[in-house]
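Undergrad: Contents are TSV, C-alpha atoms; file name protein.tsv:
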```
chain	number	residue	atom	x	y	z
A	7	MET	CA	163.41	-7.95	115.35
A	8	GLY	CA	165.81	-5.03	115.76
A	9	LYS	CA	169.55	-4.66	115.83
A	10	ILE	CA	171.17	-6.43	118.74
A	11	ARG	CA	173.16	-4.13	120.99
A	12	VAL	CA	176.32	-5.37	122.69
A	13	ASP	CA	178.38	-3.47	125.23
A	14	GLY	CA	181.66	-1.97	124.02
A	15	ARG	CA	183.88	-4.33	125.99
A	16	THR	CA	182.22	-7.42	124.53
A	17	MET	CA	182.41	-5.97	121.03
A	18	SER	CA	186.04	-4.96	121.49
A	19	LEU	CA	186.99	-8.46	122.65
A	20	SER	CA	185.07	-10.12	119.81
A	21	HIS	CA	187.93	-9.32	117.43
A	22	PRO	CA	190.51	-12.15	117.51
A	23	THR	CA	193.54	-9.82	117.45
A	24	ARG	CA	192.24	-7.68	120.32
A	25	LEU	CA	191.32	-10.80	122.27
A	26	ALA	CA	194.84	-12.20	121.77
A	27	MET	CA	196.37	-8.90	122.89
A	28	TYR	CA	194.11	-8.75	125.94
A	29	GLU	CA	194.96	-12.34	126.89
A	30	GLU	CA	198.69	-11.58	126.55
A	31	LEU	CA	198.28	-8.60	128.87
A	32	LEU	CA	196.23	-10.64	131.35
A	33	ASN	CA	199.18	-13.00	131.68
A	34	ALA	CA	201.73	-10.24	132.33
A	35	GLU	CA	202.00	-7.34	134.73
A	36	GLU	CA	202.74	-5.06	131.77
A	37	MET	CA	204.04	-5.28	128.21
A	38	SER	CA	205.65	-2.79	125.87
A	39	THR	CA	204.21	-2.08	122.46
A	40	VAL	CA	207.15	-3.94	120.89
A	41	MET	CA	206.52	-6.99	123.09
A	42	LEU	CA	202.83	-7.01	122.12
A	43	GLN	CA	203.71	-6.62	118.46
A	44	LYS	CA	206.06	-9.63	118.60
A	45	SER	CA	203.53	-11.80	120.44
A	46	THR	CA	200.63	-11.00	118.08
A	47	GLY	CA	202.51	-10.61	114.79
A	48	VAL	CA	200.51	-7.56	113.64
A	49	THR	CA	201.87	-4.35	112.16
A	50	ARG	CA	202.51	-1.39	114.44
A	51	TYR	CA	199.66	0.55	112.81
A	52	HIS	CA	197.14	-2.26	113.40
A	53	LEU	CA	198.47	-2.82	116.90
A	54	TYR	CA	197.76	0.78	117.89
A	55	HIS	CA	194.33	0.61	116.23
A	56	HIS	CA	193.41	-2.41	118.38
A	57	LEU	CA	194.97	-0.93	121.53
A	58	GLN	CA	192.88	2.22	121.06
A	59	SER	CA	189.71	0.12	121.00
A	60	LEU	CA	190.73	-1.75	124.15
A	61	GLU	CA	191.73	1.52	125.84
A	62	LYS	CA	188.53	3.33	124.80
A	63	ASN	CA	186.47	0.55	126.41
A	64	GLY	CA	188.44	0.71	129.67
A	65	LEU	CA	190.15	-2.66	129.33
A	66	VAL	CA	193.80	-1.55	129.06
A	67	GLU	CA	195.83	1.58	129.60
A	68	ASN	CA	199.12	3.03	128.43
A	69	HIS	CA	200.42	3.73	131.91
A	70	ARG	CA	203.92	4.97	131.17
A	71	ASN	CA	206.15	6.11	128.36
A	72	GLU	CA	209.90	5.64	128.58
A	73	GLY	CA	211.72	7.18	125.68
A	74	ARG	CA	209.97	5.76	122.65
A	75	ALA	CA	208.55	2.75	124.50
A	76	ARG	CA	204.91	2.65	125.61
A	77	TRP	CA	203.94	0.24	128.37
A	78	TRP	CA	200.46	-1.30	128.57
A	79	ARG	CA	198.58	-3.11	131.31
A	80	VAL	CA	195.07	-4.42	131.96
A	81	THR	CA	192.83	-2.00	133.84
A	82	GLU	CA	189.75	-4.21	134.03
A	83	ARG	CA	189.66	-7.98	134.15
A	84	VAL	CA	186.76	-9.39	132.15
A	85	THR	CA	185.56	-12.99	132.14
A	86	LEU	CA	186.34	-14.23	128.66
A	87	THR	CA	184.02	-16.32	126.50
A	88	PRO	CA	184.28	-20.06	127.23
A	89	ALA	CA	186.13	-22.30	124.82
A	90	ALA	CA	184.47	-23.41	121.60
A	91	GLY	CA	182.27	-26.45	122.00
A	92	ASN	CA	180.61	-25.14	125.14
A	93	ASP	CA	176.90	-25.22	124.36
A	94	SER	CA	176.00	-22.55	126.89
A	95	PHE	CA	174.57	-19.23	125.73
A	96	ALA	CA	175.59	-17.58	129.02
A	97	ASN	CA	177.89	-14.99	127.43
A	98	LEU	CA	175.40	-13.83	124.82
A	99	PRO	CA	173.29	-10.73	125.39
A	100	ALA	CA	169.90	-11.53	126.98
A	101	GLU	CA	168.05	-10.52	123.78
A	102	VAL	CA	170.04	-13.05	121.74
A	103	GLN	CA	169.57	-15.77	124.36
A	104	SER	CA	165.82	-15.20	124.30
A	105	LEU	CA	165.66	-15.37	120.49
A	106	LEU	CA	167.70	-18.57	120.35
A	107	GLU	CA	165.69	-20.21	123.12
A	108	SER	CA	162.50	-19.39	121.19
A	109	GLY	CA	163.85	-21.31	118.20
A	110	SER	CA	165.35	-18.52	116.09
A	111	ARG	CA	167.92	-19.62	113.59
A	112	MET	CA	171.39	-18.13	113.91
A	113	HIS	CA	173.84	-17.89	111.04
A	114	PHE	CA	177.36	-16.52	111.32
A	115	ILE	CA	179.09	-15.48	108.12
A	116	PRO	CA	182.82	-15.07	108.84
A	117	ILE	CA	184.73	-12.25	107.19
A	118	PRO	CA	188.24	-13.48	106.35
A	119	SER	CA	191.02	-11.63	108.16
A	120	GLY	CA	192.40	-8.78	106.14
A	121	ARG	CA	188.99	-8.05	104.60
A	122	ASP	CA	187.25	-4.77	105.31
A	123	VAL	CA	183.98	-4.99	107.26
A	124	THR	CA	182.72	-1.84	105.53
A	125	THR	CA	182.66	-3.76	102.24
A	126	ALA	CA	180.36	-6.33	103.85
A	127	LYS	CA	178.15	-3.53	105.19
A	128	LYS	CA	177.88	-1.96	101.73
A	129	ALA	CA	176.96	-5.36	100.25
A	130	LEU	CA	174.21	-5.82	102.86
A	131	ASP	CA	172.91	-2.31	102.18
A	132	THR	CA	172.79	-3.04	98.43
A	133	ILE	CA	170.97	-6.36	98.91
A	134	ALA	CA	168.45	-4.80	101.31
A	135	GLU	CA	167.81	-1.96	98.86
A	136	MET	CA	167.45	-4.32	95.87
A	137	TYR	CA	164.80	-6.40	97.64
A	138	GLY	CA	163.16	-3.58	99.59
A	139	ALA	CA	164.00	-5.33	102.85
A	140	GLU	CA	164.96	-4.03	106.28
A	141	LYS	CA	168.23	-5.15	107.77
A	142	THR	CA	166.67	-6.28	111.04
A	143	GLY	CA	168.29	-9.20	112.80
A	144	VAL	CA	171.66	-8.44	111.22
A	145	THR	CA	174.64	-7.42	113.33
A	146	LEU	CA	178.06	-6.61	111.92
A	147	MET	CA	180.97	-7.73	114.04
A	148	PRO	CA	184.68	-7.13	113.41
A	149	ASN	CA	185.17	-10.71	112.23
A	150	GLY	CA	181.82	-11.52	110.63
A	151	ILE	CA	178.12	-10.99	110.19
A	152	LEU	CA	175.61	-12.44	112.64
A	153	VAL	CA	172.15	-13.05	111.22
A	154	LEU	CA	169.19	-14.17	113.33
A	155	GLY	CA	166.27	-15.58	111.40
A	156	PRO	CA	162.69	-16.19	112.44
A	157	PRO	CA	161.97	-19.09	114.81
A	158	LYS	CA	161.77	-22.52	113.23
A	159	ARG	CA	158.26	-23.68	112.48
A	160	SER	CA	157.20	-27.03	113.81
```
Represent the supplied structure as structure tokens.
TA:
Amino acid sequence: MGKIRVDGRTMSLSHPTRLAMYEELLNAEEMSTVMLQKSTGVTRYHLYHHLQSLEKNGLVENHRNEGRARWWRVTERVTLTPAAGNDSFANLPAEVQSLLESGSRMHFIPIPSGRDVTTAKKALDTIAEMYGAEKTGVTLMPNGILVLGPPKRS
């Protein structure tokens, strides 16, 4: 089982702050950086970090600058993941759907907000090295670690 690949847009929107920013922009024709900062409650530095990810993946654009104000708008509308509690795997990559349908076990280990994902990656590297194991079936996401185990045995 190898690393699961996800397209950049899906990965970008998997972070709760970016998703919140994207949803805010979906509901408005445009928003200034200050307006986005007030609606999300993140620092200016983190706001620009998240906007760069959304922009790099073609989801939003900075379409005009007026003085010191930057104005943002959605450039591509993406169908967002259904609300929690929906038991459909429709928004998961086909490889993940196939693994889950074959009985693979899925574990999600959340990384608390404010924690650095690189620390989690280093911990996984250390554990894999200690036990001489490959890190197959492990995918780091901005808000957690997704681990797919072997199918359940009957």
Undergrad: Can you work out the spacing between atom CA of Lys44 of chain A and atom CA of Glu82 of chain A in Å, to one decimal?
TA: 23.1 Å
Undergrad: So which residues fall inside 6 Å of (178.3, -15.1, 110.8) if we count only C-alpha atoms? Mind giving them as a list of chain:residue names?
TA: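 Final list of nearby residues, as requested, is A:His113, A:Phe114, A:Ile115, A:Pro116, A:Gly150, A:Ile151, A:Leu152.
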Undergrad: Between A:Gln103, A:Thr39, A:Thr85, A:Asn33, which has the minimum distance to Glu67 of chain A (counting all atoms listed in the file)?
TA: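 Counting all atoms listed in the file, the residue closest to Glu67 of chain A is A:Thr39.
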Undergrad: Kindly indicate which residue among A:Glu30, A:Asp122, A:Glu107, A:Glu61 lies nearest to Gln43 of chain A, using all atoms listed in the file for the distances.
TA: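 Of A:Glu30, A:Asp122, A:Glu107, A:Glu61, the one nearest Gln43 of chain A is A:Glu30, counting all atoms listed in the file.
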Undergrad: Provide the atom CA of Trp77 of chain A to atom CA of Ser45 of chain A distance in Å, to one decimal place.
TA: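 According to the coordinates, atom CA of Trp77 of chain A and atom CA of Ser45 of chain A are separated by 14.4 Å.
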Undergrad: Which is closer to Thr16 of chain A than all the others in A:Asn63, A:Leu154, A:Met136, A:Ser108, using all atoms listed in the file?
TA: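 Nearest candidate to Thr16 of chain A out of A:Asn63, A:Leu154, A:Met136, A:Ser108: A:Asn63.
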Undergrad: Place a sphere of radius 12 Å on (205.9, 1.2, 114.5) in the file coordinates and name every protein, DNA or RNA residue with an atom inside or on its surface, counting only C-alpha atoms; give the answer as a PyMOL selection string.
TA: chain A and resi 39-44+48-55+74-76
Undergrad: What does the distance from atom CA of Met27 of chain A to atom CA of Val153 of chain A come to in Å, to one decimal?
TA: 27.2 Å
Undergrad: I'd like the contact shell of Glu35 of chain A - 9 Å cut-off, all atoms listed in the file, skipping same-chain residues fewer than 6 positions apart - returned as a CSV table (one decimal) with C-alpha atoms, in the coordinates of the input.
TA:
```
chain,number,residue,atom,x,y,z
A,78,TRP,CA,200.5,-1.3,128.6
A,79,ARG,CA,198.6,-3.1,131.3
A,80,VAL,CA,195.1,-4.4,132.0
```
